[in-house]
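Chemist: Input file: work_38.cif. Contents: mmCIF, C-alpha atoms and all ligand atoms; chains and numbers go by the auth columns.
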data_entry
#
loop_
_atom_site.group_PDB
_atom_site.id
_atom_site.type_symbol
_atom_site.label_atom_id
_atom_site.label_comp_id
_atom_site.label_asym_id
_atom_site.label_seq_id
_atom_site.Cartn_x
_atom_site.Cartn_y
_atom_site.Cartn_z
_atom_site.B_iso_or_equiv
_atom_site.auth_seq_id
_atom_site.auth_asym_id
ATOM 1 C CA MET A 1 -7.185 -10.712 -14.417 0.00 16 A
ATOM 2 C CA ASN A 2 -9.134 -13.362 -12.535 0.00 17 A
ATOM 3 C CA GLN A 3 -7.693 -12.723 -9.035 0.00 18 A
ATOM 4 C CA THR A 4 -8.872 -9.121 -9.151 0.00 19 A
ATOM 5 C CA ALA A 5 -12.422 -10.008 -10.133 0.00 20 A
ATOM 6 C CA LYS A 6 -12.529 -12.814 -7.552 0.00 21 A
ATOM 7 C CA ILE A 7 -11.344 -10.538 -4.739 0.00 22 A
ATOM 8 C CA ILE A 8 -13.773 -7.757 -5.637 0.00 23 A
ATOM 9 C CA ASN A 9 -16.694 -10.167 -5.954 0.00 24 A
ATOM 10 C CA ARG A 10 -15.928 -11.810 -2.624 0.00 25 A
ATOM 11 C CA ALA A 11 -15.790 -8.412 -0.878 0.00 26 A
ATOM 12 C CA LYS A 12 -19.112 -7.424 -2.452 0.00 27 A
ATOM 13 C CA LYS A 13 -20.718 -10.665 -1.333 0.00 28 A
ATOM 14 C CA GLU A 14 -19.453 -10.128 2.204 0.00 29 A
ATOM 15 C CA ASN A 15 -20.602 -6.530 2.120 0.00 30 A
ATOM 16 C CA ARG A 16 -17.100 -5.168 2.648 0.00 31 A
ATOM 17 C CA LYS A 17 -16.261 -1.810 1.089 0.00 32 A
ATOM 18 C CA ALA A 18 -12.615 -1.780 2.129 0.00 33 A
ATOM 19 C CA LEU A 19 -10.399 -4.523 0.758 0.00 34 A
ATOM 20 C CA LEU A 20 -7.856 -5.990 3.150 0.00 35 A
ATOM 21 C CA GLU A 21 -4.197 -5.116 2.559 0.00 36 A
ATOM 22 C CA PRO A 22 -3.303 -8.603 1.246 0.00 37 A
ATOM 23 C CA GLU A 23 -6.276 -8.415 -1.148 0.00 38 A
ATOM 24 C CA ALA A 24 -5.302 -4.952 -2.384 0.00 39 A
ATOM 25 C CA LYS A 25 -1.686 -6.081 -2.819 0.00 40 A
ATOM 26 C CA THR A 26 -2.727 -9.199 -4.739 0.00 41 A
ATOM 27 C CA ILE A 27 -4.643 -6.956 -7.152 0.00 42 A
ATOM 28 C CA CYS A 28 -1.587 -4.674 -7.440 0.00 43 A
ATOM 29 C CA MET A 29 0.581 -7.693 -8.281 0.00 44 A
ATOM 30 C CA GLU A 30 -1.825 -8.759 -10.988 0.00 45 A
ATOM 31 C CA TYR A 31 -1.349 -5.340 -12.598 0.00 46 A
ATOM 32 C CA GLY A 32 2.434 -5.440 -12.299 0.00 47 A
ATOM 33 C CA ILE A 33 2.707 -3.013 -9.402 0.00 48 A
ATOM 34 C CA PRO A 34 5.620 -4.136 -7.189 0.00 49 A
ATOM 35 C CA VAL A 35 4.656 -4.849 -3.562 0.00 50 A
ATOM 36 C CA THR A 36 6.460 -6.234 -0.524 0.00 51 A
ATOM 37 C CA LYS A 37 6.442 -10.050 -0.267 0.00 52 A
ATOM 38 C CA PHE A 38 3.741 -11.119 2.159 0.00 53 A
ATOM 39 C CA LYS A 39 1.792 -14.015 3.708 0.00 54 A
ATOM 40 C CA VAL A 40 -1.146 -14.083 6.106 0.00 55 A
ATOM 41 C CA ALA A 41 -0.557 -16.054 9.318 0.00 56 A
ATOM 42 C CA SER A 42 -3.254 -17.350 11.624 0.00 57 A
ATOM 43 C CA ASN A 43 -1.051 -18.208 14.591 0.00 58 A
ATOM 44 C CA GLU A 44 2.349 -17.331 16.078 0.00 59 A
ATOM 45 C CA LYS A 45 4.049 -20.450 14.792 0.00 60 A
ATOM 46 C CA GLU A 46 2.894 -19.779 11.276 0.00 61 A
ATOM 47 C CA ALA A 47 4.041 -16.155 11.569 0.00 62 A
ATOM 48 C CA ALA A 48 7.543 -17.291 12.563 0.00 63 A
ATOM 49 C CA LYS A 49 7.626 -19.839 9.746 0.00 64 A
ATOM 50 C CA TYR A 50 6.541 -17.272 7.145 0.00 65 A
ATOM 51 C CA SER A 51 9.082 -14.761 8.487 0.00 66 A
ATOM 52 C CA THR A 52 11.889 -17.236 7.882 0.00 67 A
ATOM 53 C CA GLU A 53 10.555 -17.946 4.384 0.00 68 A
ATOM 54 C CA ILE A 54 10.287 -14.237 3.538 0.00 69 A
ATOM 55 C CA GLY A 55 13.602 -13.349 5.198 0.00 70 A
ATOM 56 C CA TYR A 56 14.352 -11.033 8.127 0.00 71 A
ATOM 57 C CA PRO A 57 13.746 -8.260 8.970 0.00 72 A
ATOM 58 C CA VAL A 58 9.962 -8.460 8.645 0.00 73 A
ATOM 59 C CA VAL A 59 6.922 -6.336 9.491 0.00 74 A
ATOM 60 C CA LEU A 60 3.749 -7.645 11.153 0.00 75 A
ATOM 61 C CA LYS A 61 0.377 -6.003 10.567 0.00 76 A
ATOM 62 C CA ILE A 62 -3.200 -6.561 11.589 0.00 77 A
ATOM 63 C CA VAL A 63 -5.599 -7.785 8.898 0.00 78 A
ATOM 64 C CA SER A 64 -9.091 -6.661 9.823 0.00 79 A
ATOM 65 C CA GLN A 65 -12.000 -5.250 7.890 0.00 80 A
ATOM 66 C CA ASP A 66 -12.733 -3.112 10.945 0.00 81 A
ATOM 67 C CA ILE A 67 -9.285 -1.471 11.105 0.00 82 A
ATOM 68 C CA ILE A 68 -8.626 0.878 8.210 0.00 83 A
ATOM 69 C CA HIS A 69 -5.734 2.873 9.718 0.00 84 A
ATOM 70 C CA LYS A 70 -3.615 0.056 11.056 0.00 85 A
ATOM 71 C CA SER A 71 -0.873 2.023 12.819 0.00 86 A
ATOM 72 C CA ASP A 72 -3.414 4.201 14.675 0.00 87 A
ATOM 73 C CA ALA A 73 -4.668 0.973 16.240 0.00 88 A
ATOM 74 C CA GLY A 74 -1.205 -0.307 17.184 0.00 89 A
ATOM 75 C CA GLY A 75 -1.562 -2.787 14.357 0.00 90 A
ATOM 76 C CA VAL A 76 1.848 -2.369 12.697 0.00 91 A
ATOM 77 C CA ILE A 77 5.199 -3.455 14.158 0.00 92 A
ATOM 78 C CA VAL A 78 8.281 -3.051 11.947 0.00 93 A
ATOM 79 C CA ASN A 79 11.849 -4.311 11.923 0.00 94 A
ATOM 80 C CA LEU A 80 11.438 -7.733 13.546 0.00 95 A
ATOM 81 C CA LYS A 81 14.742 -9.547 13.328 0.00 96 A
ATOM 82 C CA ASN A 82 14.160 -13.100 14.603 0.00 97 A
ATOM 83 C CA PRO A 83 11.417 -15.619 15.452 0.00 98 A
ATOM 84 C CA ALA A 84 11.300 -14.512 19.121 0.00 99 A
ATOM 85 C CA GLU A 85 10.618 -10.906 18.123 0.00 100 A
ATOM 86 C CA VAL A 86 7.959 -12.078 15.652 0.00 101 A
ATOM 87 C CA THR A 87 6.174 -14.141 18.302 0.00 102 A
ATOM 88 C CA GLU A 88 6.226 -11.233 20.728 0.00 103 A
ATOM 89 C CA ALA A 89 4.987 -8.751 18.104 0.00 104 A
ATOM 90 C CA TYR A 90 2.192 -11.134 17.114 0.00 105 A
ATOM 91 C CA LYS A 91 0.880 -11.152 20.694 0.00 106 A
ATOM 92 C CA LYS A 92 1.373 -7.417 21.077 0.00 107 A
ATOM 93 C CA ILE A 93 -0.655 -6.580 17.955 0.00 108 A
ATOM 94 C CA LEU A 94 -3.584 -8.739 19.084 0.00 109 A
ATOM 95 C CA GLU A 95 -3.405 -7.084 22.500 0.00 110 A
ATOM 96 C CA ASN A 96 -3.358 -3.577 20.968 0.00 111 A
ATOM 97 C CA ILE A 97 -6.303 -4.347 18.696 0.00 112 A
ATOM 98 C CA LYS A 98 -8.312 -5.775 21.556 0.00 113 A
ATOM 99 C CA LYS A 99 -7.852 -2.505 23.437 0.00 114 A
ATOM 100 C CA TYR A 100 -8.537 -0.350 20.386 0.00 115 A
ATOM 101 C CA ASN A 101 -11.667 -2.137 19.219 0.00 116 A
ATOM 102 C CA PRO A 102 -12.722 -5.289 21.067 0.00 117 A
ATOM 103 C CA LYS A 103 -15.274 -6.028 18.344 0.00 118 A
ATOM 104 C CA ALA A 104 -12.771 -5.915 15.451 0.00 119 A
ATOM 105 C CA ARG A 105 -12.973 -9.032 13.296 0.00 120 A
ATOM 106 C CA ILE A 106 -9.477 -10.379 12.766 0.00 121 A
ATOM 107 C CA ALA A 107 -8.677 -12.201 9.509 0.00 122 A
ATOM 108 C CA GLY A 108 -5.066 -12.882 10.477 0.00 123 A
ATOM 109 C CA ILE A 109 -1.696 -11.231 10.880 0.00 124 A
ATOM 110 C CA LEU A 110 0.136 -10.141 7.776 0.00 125 A
ATOM 111 C CA VAL A 111 3.834 -11.016 7.686 0.00 126 A
ATOM 112 C CA GLN A 112 5.765 -9.008 5.170 0.00 127 A
ATOM 113 C CA GLU A 113 9.200 -8.171 3.944 0.00 128 A
ATOM 114 C CA MET A 114 10.584 -4.988 5.504 0.00 129 A
ATOM 115 C CA ALA A 115 11.293 -2.564 2.686 0.00 130 A
ATOM 116 C CA PRO A 116 14.510 -0.553 3.140 0.00 131 A
ATOM 117 C CA GLN A 117 13.867 3.109 3.963 0.00 132 A
ATOM 118 C CA SER A 118 13.962 5.474 0.986 0.00 133 A
ATOM 119 C CA THR A 119 12.115 8.439 -0.478 0.00 134 A
ATOM 120 C CA GLU A 120 8.417 7.768 0.118 0.00 135 A
ATOM 121 C CA VAL A 121 5.924 8.578 -2.613 0.00 136 A
ATOM 122 C CA ILE A 122 2.158 8.247 -2.725 0.00 137 A
ATOM 123 C CA VAL A 123 0.091 6.946 -5.608 0.00 138 A
ATOM 124 C CA GLY A 124 -3.643 7.395 -5.354 0.00 139 A
ATOM 125 C CA ALA A 125 -6.798 7.141 -7.401 0.00 140 A
ATOM 126 C CA ILE A 126 -10.230 8.513 -6.790 0.00 141 A
ATOM 127 C CA LYS A 127 -13.429 8.199 -8.758 0.00 142 A
ATOM 128 C CA ASP A 128 -14.542 11.745 -9.344 0.00 143 A
ATOM 129 C CA PRO A 129 -18.319 12.060 -9.846 0.00 144 A
ATOM 130 C CA GLN A 130 -17.702 14.349 -12.816 0.00 145 A
ATOM 131 C CA PHE A 131 -14.424 13.203 -14.376 0.00 146 A
ATOM 132 C CA GLY A 132 -14.405 9.529 -13.446 0.00 147 A
ATOM 133 C CA GLN A 133 -11.254 7.673 -12.438 0.00 148 A
ATOM 134 C CA THR A 134 -8.504 10.129 -11.580 0.00 149 A
ATOM 135 C CA VAL A 135 -4.926 9.246 -10.603 0.00 150 A
ATOM 136 C CA MET A 136 -2.824 11.168 -8.075 0.00 151 A
ATOM 137 C CA PHE A 137 0.906 11.321 -7.392 0.00 152 A
ATOM 138 C CA GLY A 138 2.952 13.052 -4.725 0.00 153 A
ATOM 139 C CA LEU A 139 5.771 12.665 -2.234 0.00 154 A
ATOM 140 C CA GLY A 140 4.973 11.308 1.219 0.00 155 A
ATOM 141 C CA GLY A 141 4.719 13.078 4.553 0.00 156 A
ATOM 142 C CA ILE A 142 4.769 16.882 4.688 0.00 157 A
ATOM 143 C CA PHE A 143 4.722 17.202 0.905 0.00 158 A
ATOM 144 C CA VAL A 144 1.210 15.824 0.706 0.00 159 A
ATOM 145 C CA GLU A 145 -0.143 16.763 4.114 0.00 160 A
ATOM 146 C CA ILE A 146 1.147 20.311 4.500 0.00 161 A
ATOM 147 C CA LEU A 147 2.373 21.519 1.124 0.00 162 A
ATOM 148 C CA LYS A 148 -0.368 19.761 -0.919 0.00 163 A
ATOM 149 C CA ASP A 149 2.270 19.212 -3.591 0.00 164 A
ATOM 150 C CA VAL A 150 0.357 16.600 -5.594 0.00 165 A
ATOM 151 C CA ASN A 151 -0.668 16.188 -9.220 0.00 166 A
ATOM 152 C CA PHE A 152 -3.848 14.697 -10.632 0.00 167 A
ATOM 153 C CA ARG A 153 -4.649 13.411 -14.105 0.00 168 A
ATOM 154 C CA ILE A 154 -7.858 11.897 -15.425 0.00 169 A
ATOM 155 C CA ALA A 155 -7.446 8.220 -16.375 0.00 170 A
ATOM 156 C CA PRO A 156 -6.582 6.614 -18.703 0.00 171 A
ATOM 157 C CA LEU A 157 -3.101 8.115 -18.419 0.00 172 A
ATOM 158 C CA THR A 158 -0.782 8.419 -21.396 0.00 173 A
ATOM 159 C CA MET A 159 2.927 7.887 -20.796 0.00 174 A
ATOM 160 C CA ASP A 160 3.369 11.655 -21.016 0.00 175 A
ATOM 161 C CA ASP A 161 0.653 12.216 -18.403 0.00 176 A
ATOM 162 C CA ALA A 162 2.385 9.823 -16.029 0.00 177 A
ATOM 163 C CA LYS A 163 5.763 11.443 -16.588 0.00 178 A
ATOM 164 C CA GLU A 164 4.429 14.985 -16.125 0.00 179 A
ATOM 165 C CA MET A 165 2.655 14.062 -12.891 0.00 180 A
ATOM 166 C CA ILE A 166 6.106 13.314 -11.518 0.00 181 A
ATOM 167 C CA THR A 167 8.280 15.964 -13.166 0.00 182 A
ATOM 168 C CA GLU A 168 5.833 18.821 -12.534 0.00 183 A
ATOM 169 C CA LEU A 169 5.875 18.360 -8.764 0.00 184 A
ATOM 170 C CA LYS A 170 7.549 21.181 -6.853 0.00 185 A
ATOM 171 C CA ALA A 171 9.431 18.486 -4.976 0.00 186 A
ATOM 172 C CA TYR A 172 10.651 16.826 -8.202 0.00 187 A
ATOM 173 C CA PRO A 173 14.273 17.916 -7.552 0.00 188 A
ATOM 174 C CA LEU A 174 14.189 15.612 -4.519 0.00 189 A
ATOM 175 C CA LEU A 175 13.376 12.670 -6.776 0.00 190 A
ATOM 176 C CA LYS A 176 16.157 13.659 -9.162 0.00 191 A
ATOM 177 C CA GLY A 177 18.640 13.334 -6.328 0.00 192 A
ATOM 178 C CA TYR A 178 19.691 15.919 -3.786 0.00 193 A
ATOM 179 C CA ARG A 179 22.703 15.930 -1.451 0.00 194 A
ATOM 180 C CA ASN A 180 22.523 12.583 0.376 0.00 195 A
ATOM 181 C CA THR A 181 19.407 11.435 -1.464 0.00 196 A
ATOM 182 C CA PRO A 182 20.220 9.349 -4.539 0.00 197 A
ATOM 183 C CA PRO A 183 18.062 9.804 -7.677 0.00 198 A
ATOM 184 C CA ALA A 184 14.872 7.752 -7.782 0.00 199 A
ATOM 185 C CA ASP A 185 13.995 5.389 -10.634 0.00 200 A
ATOM 186 C CA ILE A 186 11.519 7.639 -12.465 0.00 201 A
ATOM 187 C CA ASP A 187 10.662 4.950 -15.042 0.00 202 A
ATOM 188 C CA ALA A 188 9.616 2.591 -12.233 0.00 203 A
ATOM 189 C CA LEU A 189 7.279 5.302 -10.893 0.00 204 A
ATOM 190 C CA ILE A 190 5.866 5.981 -14.371 0.00 205 A
ATOM 191 C CA SER A 191 5.169 2.276 -14.722 0.00 206 A
ATOM 192 C CA ILE A 192 3.310 2.199 -11.367 0.00 207 A
ATOM 193 C CA LEU A 193 1.192 5.195 -12.415 0.00 208 A
ATOM 194 C CA SER A 194 0.314 3.567 -15.755 0.00 209 A
ATOM 195 C CA ALA A 195 -0.555 0.297 -14.047 0.00 210 A
ATOM 196 C CA THR A 196 -2.721 2.138 -11.512 0.00 211 A
ATOM 197 C CA SER A 197 -4.543 3.828 -14.366 0.00 212 A
ATOM 198 C CA ARG A 198 -5.226 0.452 -16.036 0.00 213 A
ATOM 199 C CA LEU A 199 -6.300 -1.032 -12.718 0.00 214 A
ATOM 200 C CA VAL A 200 -8.942 1.611 -11.987 0.00 215 A
ATOM 201 C CA MET A 201 -10.128 1.799 -15.601 0.00 216 A
ATOM 202 C CA ASP A 202 -10.661 -1.983 -15.693 0.00 217 A
ATOM 203 C CA ASN A 203 -12.473 -1.922 -12.348 0.00 218 A
ATOM 204 C CA PRO A 204 -14.959 0.949 -12.255 0.00 219 A
ATOM 205 C CA GLU A 205 -16.322 -0.284 -8.919 0.00 220 A
ATOM 206 C CA ILE A 206 -13.130 0.992 -7.268 0.00 221 A
ATOM 207 C CA LYS A 207 -13.917 4.278 -5.550 0.00 222 A
ATOM 208 C CA GLU A 208 -10.536 4.938 -3.976 0.00 223 A
ATOM 209 C CA LEU A 209 -7.068 3.473 -4.191 0.00 224 A
ATOM 210 C CA ASP A 210 -4.180 4.457 -2.007 0.00 225 A
ATOM 211 C CA LEU A 211 -0.613 3.157 -2.290 0.00 226 A
ATOM 212 C CA ASN A 212 0.895 4.875 0.712 0.00 227 A
ATOM 213 C CA PRO A 213 3.782 4.682 1.001 0.00 228 A
ATOM 214 C CA VAL A 214 5.617 3.464 -2.068 0.00 229 A
ATOM 215 C CA MET A 215 9.387 3.373 -1.484 0.00 230 A
ATOM 216 C CA ALA A 216 11.192 4.910 -4.464 0.00 231 A
ATOM 217 C CA TYR A 217 14.617 3.367 -4.988 0.00 232 A
ATOM 218 C CA GLN A 218 17.534 4.079 -7.282 0.00 233 A
ATOM 219 C CA LYS A 219 16.478 0.930 -9.066 0.00 234 A
ATOM 220 C CA GLY A 220 12.784 0.044 -8.840 0.00 235 A
ATOM 221 C CA ALA A 221 10.142 0.910 -6.274 0.00 236 A
ATOM 222 C CA LYS A 222 8.075 -1.055 -3.784 0.00 237 A
ATOM 223 C CA THR A 223 4.542 -0.604 -2.421 0.00 238 A
ATOM 224 C CA VAL A 224 4.546 -1.007 1.336 0.00 239 A
ATOM 225 C CA ASP A 225 0.853 -0.372 2.034 0.00 240 A
ATOM 226 C CA ALA A 226 -2.143 -0.619 -0.290 0.00 241 A
ATOM 227 C CA ARG A 227 -5.752 0.302 0.348 0.00 242 A
ATOM 228 C CA ILE A 228 -8.674 -0.118 -2.057 0.00 243 A
ATOM 229 C CA ILE A 229 -12.208 1.086 -1.300 0.00 244 A
ATOM 230 C CA LEU A 230 -15.165 -0.063 -3.372 0.00 245 A
ATOM 231 C CA GLU A 231 -18.281 1.945 -4.185 0.00 246 A
HETATM 232 P P1 LIG B . -1.446 2.282 7.950 0.00 301 B
HETATM 233 O O1 LIG B . -1.283 3.290 6.853 0.00 301 B
HETATM 234 O O2 LIG B . -2.697 1.482 7.787 0.00 301 B
HETATM 235 O O3 LIG B . -1.325 2.859 9.310 0.00 301 B
HETATM 236 P P2 LIG B . 1.020 1.038 6.918 0.00 301 B
HETATM 237 O O4 LIG B . 0.986 -0.319 6.359 0.00 301 B
HETATM 238 O O5 LIG B . 1.170 2.157 5.956 0.00 301 B
HETATM 239 O O6 LIG B . -0.259 1.209 7.860 0.00 301 B
HETATM 240 O O7 LIG B . 2.209 1.083 7.978 0.00 301 B
HETATM 241 C C1 LIG B . 2.537 2.274 8.669 0.00 301 B
HETATM 242 C C2 LIG B . 3.981 2.685 8.379 0.00 301 B
HETATM 243 O O8 LIG B . 4.877 1.638 8.739 0.00 301 B
HETATM 244 C C3 LIG B . 4.257 2.951 6.900 0.00 301 B
HETATM 245 O O9 LIG B . 3.923 4.259 6.541 0.00 301 B
HETATM 246 C C4 LIG B . 5.741 2.670 6.806 0.00 301 B
HETATM 247 O O10 LIG B . 6.482 3.800 7.242 0.00 301 B
HETATM 248 C C5 LIG B . 5.945 1.553 7.803 0.00 301 B
HETATM 249 N N1 LIG B . 5.868 0.247 7.119 0.00 301 B
HETATM 250 C C6 LIG B . 4.776 -0.534 6.960 0.00 301 B
HETATM 251 N N2 LIG B . 5.061 -1.650 6.267 0.00 301 B
HETATM 252 C C7 LIG B . 6.363 -1.593 5.983 0.00 301 B
HETATM 253 C C8 LIG B . 7.260 -2.462 5.264 0.00 301 B
HETATM 254 N N3 LIG B . 6.860 -3.604 4.733 0.00 301 B
HETATM 255 N N4 LIG B . 8.551 -2.063 5.150 0.00 301 B
HETATM 256 C C9 LIG B . 8.960 -0.901 5.683 0.00 301 B
HETATM 257 N N5 LIG B . 8.185 -0.048 6.358 0.00 301 B
HETATM 258 C C10 LIG B . 6.900 -0.375 6.509 0.00 301 B
HETATM 259 MG MG MG B . -0.208 3.421 5.057 0.00 302 B
#
Take the structure from the file and write it as structure tokens.
Modeler:
Amino acid sequence: MNQTAKIINRAKKENRKALLEPEAKTICMEYGIPVTKFKVASNEKEAAKYSTEIGYPVVLKIVSQDIIHKSDAGGVIVNLKNPAEVTEAYKKILENIKKYNPKARIAGILVQEMAPQSTEVIVGAIKDPQFGQTVMFGLGGIFVEILKDVNFRIAPLTMDDAKEMITELKAYPLLKGYRNTPPADIDALISILSATSRLVMDNPEIKELDLNPVMAYQKGAKTVDARIILE
């Protein structure tokens, strides 16, 4: 687990509480949590080169310790289909960020694989002052924001805990498949919850973790955005 420790130590040294998306995703990978392929570019040419390597369509995102909610800042552009679109999006993101926060420190532009649309789920963790590391699971969008249909369990999670967090959701029938929605790979989601539990148990300095969204597929799942906040 040396990448994880390295990333956390570097952030501490630099006095950063919020890890950057590529840092959070590298930690996820080390724990076996599937994430979109990505590379950090520092100029347009590099962004185009990485896009070709990753394969179109791609998504470009701002990487900045000063921008926590990237889309609010105009820092996310999806579905780029060729090098010309990538170059244009690269410029556009820098322009948007400059308007949003001229002082934002920019570490680069993240080029990543565009994950096919699917049922979006959210995996979270929070360090509760009383109960310690606690893991959360829910479906994305209105299910979390309006219906508050989420389940929590105190880490470390057993396999049964992880399974129940999913099957006891009110929206579980949606994950089992409904009309045009194919059934989601529940085992893949259980595995992400178990890995998240291990991740936060191994790293008590993590105060918050947010995988939002994770695309749930018929086979497998993929984390599209990852945020980790340190104490
Ligand atoms: P933030 O939450 O910081 O605003 P996200 O990385 O979550 O930024 O991007 C915002 C939205 O863009 C996501 O909720 C998702 O709908 C879409 N998105 C981001 N990255 C991808 C990707 N790699 N593939 C598909 N959709 C994506
Ligand atoms: Mg997000």
Chemist: Check which residues of chain A sit at most 10 Å from ligand LIG 301 (chain B) using only C-alpha atoms and all ligand atoms, and return one row each with the closest pair of atoms and their distance in Å to one decimal, ordered by chain and rising number, as a tab-separated table.
Modeler:
residue	atom	partner	partner_atom	distance
A:Glu36	CA	B:LIG301	O4	8.0
A:Val50	CA	B:LIG301	N3	8.7
A:Thr51	CA	B:LIG301	N3	5.9
A:Lys52	CA	B:LIG301	N3	8.2
A:Phe53	CA	B:LIG301	N3	8.5
A:Pro72	CA	B:LIG301	N4	8.9
A:Val73	CA	B:LIG301	N3	7.0
A:Val74	CA	B:LIG301	N3	5.5
A:Leu75	CA	B:LIG301	N2	7.8
A:Lys76	CA	B:LIG301	O4	7.1
A:Ile77	CA	B:LIG301	O2	8.9
A:Val78	CA	B:LIG301	O2	9.8
A:Ile82	CA	B:LIG301	O2	7.9
A:Ile83	CA	B:LIG301	O2	6.0
A:His84	CA	B:LIG301	O2	3.9
A:Lys85	CA	B:LIG301	O2	3.7
A:Ser86	CA	B:LIG301	O3	3.6
A:Asp87	CA	B:LIG301	O3	5.9
A:Ala88	CA	B:LIG301	O3	7.9
A:Gly89	CA	B:LIG301	O3	8.5
A:Gly90	CA	B:LIG301	O3	7.6
A:Val91	CA	B:LIG301	O7	5.9
A:Ile92	CA	B:LIG301	O8	7.4
A:Val93	CA	B:LIG301	C10	6.2
A:Asn94	CA	B:LIG301	C9	7.7
A:Leu125	CA	B:LIG301	N3	9.9
A:Val126	CA	B:LIG301	N3	8.5
A:Gln127	CA	B:LIG301	N3	5.5
A:Glu128	CA	B:LIG301	N3	5.2
A:Met129	CA	B:LIG301	N4	3.6
A:Ala130	CA	B:LIG301	N4	3.7
A:Pro131	CA	B:LIG301	C9	6.1
A:Gln132	CA	B:LIG301	C9	6.6
A:Ser133	CA	B:LIG301	C9	9.4
A:Glu135	CA	B:LIG301	O10	8.4
A:Gly155	CA	B:LIG301	O9	8.9
A:Gly156	CA	B:LIG301	O9	9.1
A:Asp225	CA	B:LIG301	O1	9.4
A:Leu226	CA	B:LIG301	O5	8.5
A:Asn227	CA	B:LIG301	O5	5.9
A:Pro228	CA	B:LIG301	O9	5.6
A:Val229	CA	B:LIG301	O9	8.8
A:Met230	CA	B:LIG301	C9	8.4
A:Lys237	CA	B:LIG301	N3	9.0
A:Thr238	CA	B:LIG301	N3	8.1
A:Val239	CA	B:LIG301	N3	4.9
A:Asp240	CA	B:LIG301	O4	4.3
A:Ala241	CA	B:LIG301	O4	7.4
A:Arg242	CA	B:LIG301	O2	8.1
Chemist: Generate the output file for the selected residues, C-alpha atoms, as a short mmCIF file (atom, residue, chain, number, x, y, z; two decimals), keeping the file's coordinate frame.
Modeler:
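The result, stored in selection-v1.cif:
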data_model
loop_
_atom_site.label_atom_id
_atom_site.label_comp_id
_atom_site.auth_asym_id
_atom_site.auth_seq_id
_atom_site.Cartn_x
_atom_site.Cartn_y
_atom_site.Cartn_z
CA GLU A 36 -4.20 -5.12 2.56
CA VAL A 50 4.66 -4.85 -3.56
CA THR A 51 6.46 -6.23 -0.52
CA LYS A 52 6.44 -10.05 -0.27
CA PHE A 53 3.74 -11.12 2.16
CA PRO A 72 13.75 -8.26 8.97
CA VAL A 73 9.96 -8.46 8.64
CA VAL A 74 6.92 -6.34 9.49
CA LEU A 75 3.75 -7.64 11.15
CA LYS A 76 0.38 -6.00 10.57
CA ILE A 77 -3.20 -6.56 11.59
CA VAL A 78 -5.60 -7.78 8.90
CA ILE A 82 -9.28 -1.47 11.10
CA ILE A 83 -8.63 0.88 8.21
CA HIS A 84 -5.73 2.87 9.72
CA LYS A 85 -3.62 0.06 11.06
CA SER A 86 -0.87 2.02 12.82
CA ASP A 87 -3.41 4.20 14.68
CA ALA A 88 -4.67 0.97 16.24
CA GLY A 89 -1.20 -0.31 17.18
CA GLY A 90 -1.56 -2.79 14.36
CA VAL A 91 1.85 -2.37 12.70
CA ILE A 92 5.20 -3.46 14.16
CA VAL A 93 8.28 -3.05 11.95
CA ASN A 94 11.85 -4.31 11.92
CA LEU A 125 0.14 -10.14 7.78
CA VAL A 126 3.83 -11.02 7.69
CA GLN A 127 5.76 -9.01 5.17
CA GLU A 128 9.20 -8.17 3.94
CA MET A 129 10.58 -4.99 5.50
CA ALA A 130 11.29 -2.56 2.69
CA PRO A 131 14.51 -0.55 3.14
CA GLN A 132 13.87 3.11 3.96
CA SER A 133 13.96 5.47 0.99
CA GLU A 135 8.42 7.77 0.12
CA GLY A 155 4.97 11.31 1.22
CA GLY A 156 4.72 13.08 4.55
CA ASP A 225 -4.18 4.46 -2.01
CA LEU A 226 -0.61 3.16 -2.29
CA ASN A 227 0.90 4.88 0.71
CA PRO A 228 3.78 4.68 1.00
CA VAL A 229 5.62 3.46 -2.07
CA MET A 230 9.39 3.37 -1.48
CA LYS A 237 8.07 -1.06 -3.78
CA THR A 238 4.54 -0.60 -2.42
CA VAL A 239 4.55 -1.01 1.34
CA ASP A 240 0.85 -0.37 2.03
CA ALA A 241 -2.14 -0.62 -0.29
CA ARG A 242 -5.75 0.30 0.35
#
Chemist: With all atoms listed in the file as the atoms that count, which of A:Ala203, A:Ala231, A:Val138, A:Ile221 lies nearest to ligand MG 302 (chain B)?
Modeler: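 Using all atoms listed in the file, ligand MG 302 (chain B) sits closest to A:Val138.
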Chemist: Please, what distance in Å, to one decimal, runs between atom CA of A:Ala170 and atom CA of A:Pro49?
Modeler: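 Between these atoms lies a distance of 20.2 Å.
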Chemist: To verify the selection step, state as a ChimeraX atom specification which residues the PyMOL selection byres (((chain A and resi 100) around 12) and not hetatm) yields on this input.
Modeler: /A:59,62-63,66,71-75,92-99,101-107
Chemist: Name the closest residue to ligand MG 302 (chain B) among the candidates A:Ala186, A:Ile137, A:Leu162, A:Ile201; distances are taken between atoms, counting only C-alpha atoms and all ligand atoms.
Modeler: A:Ile137
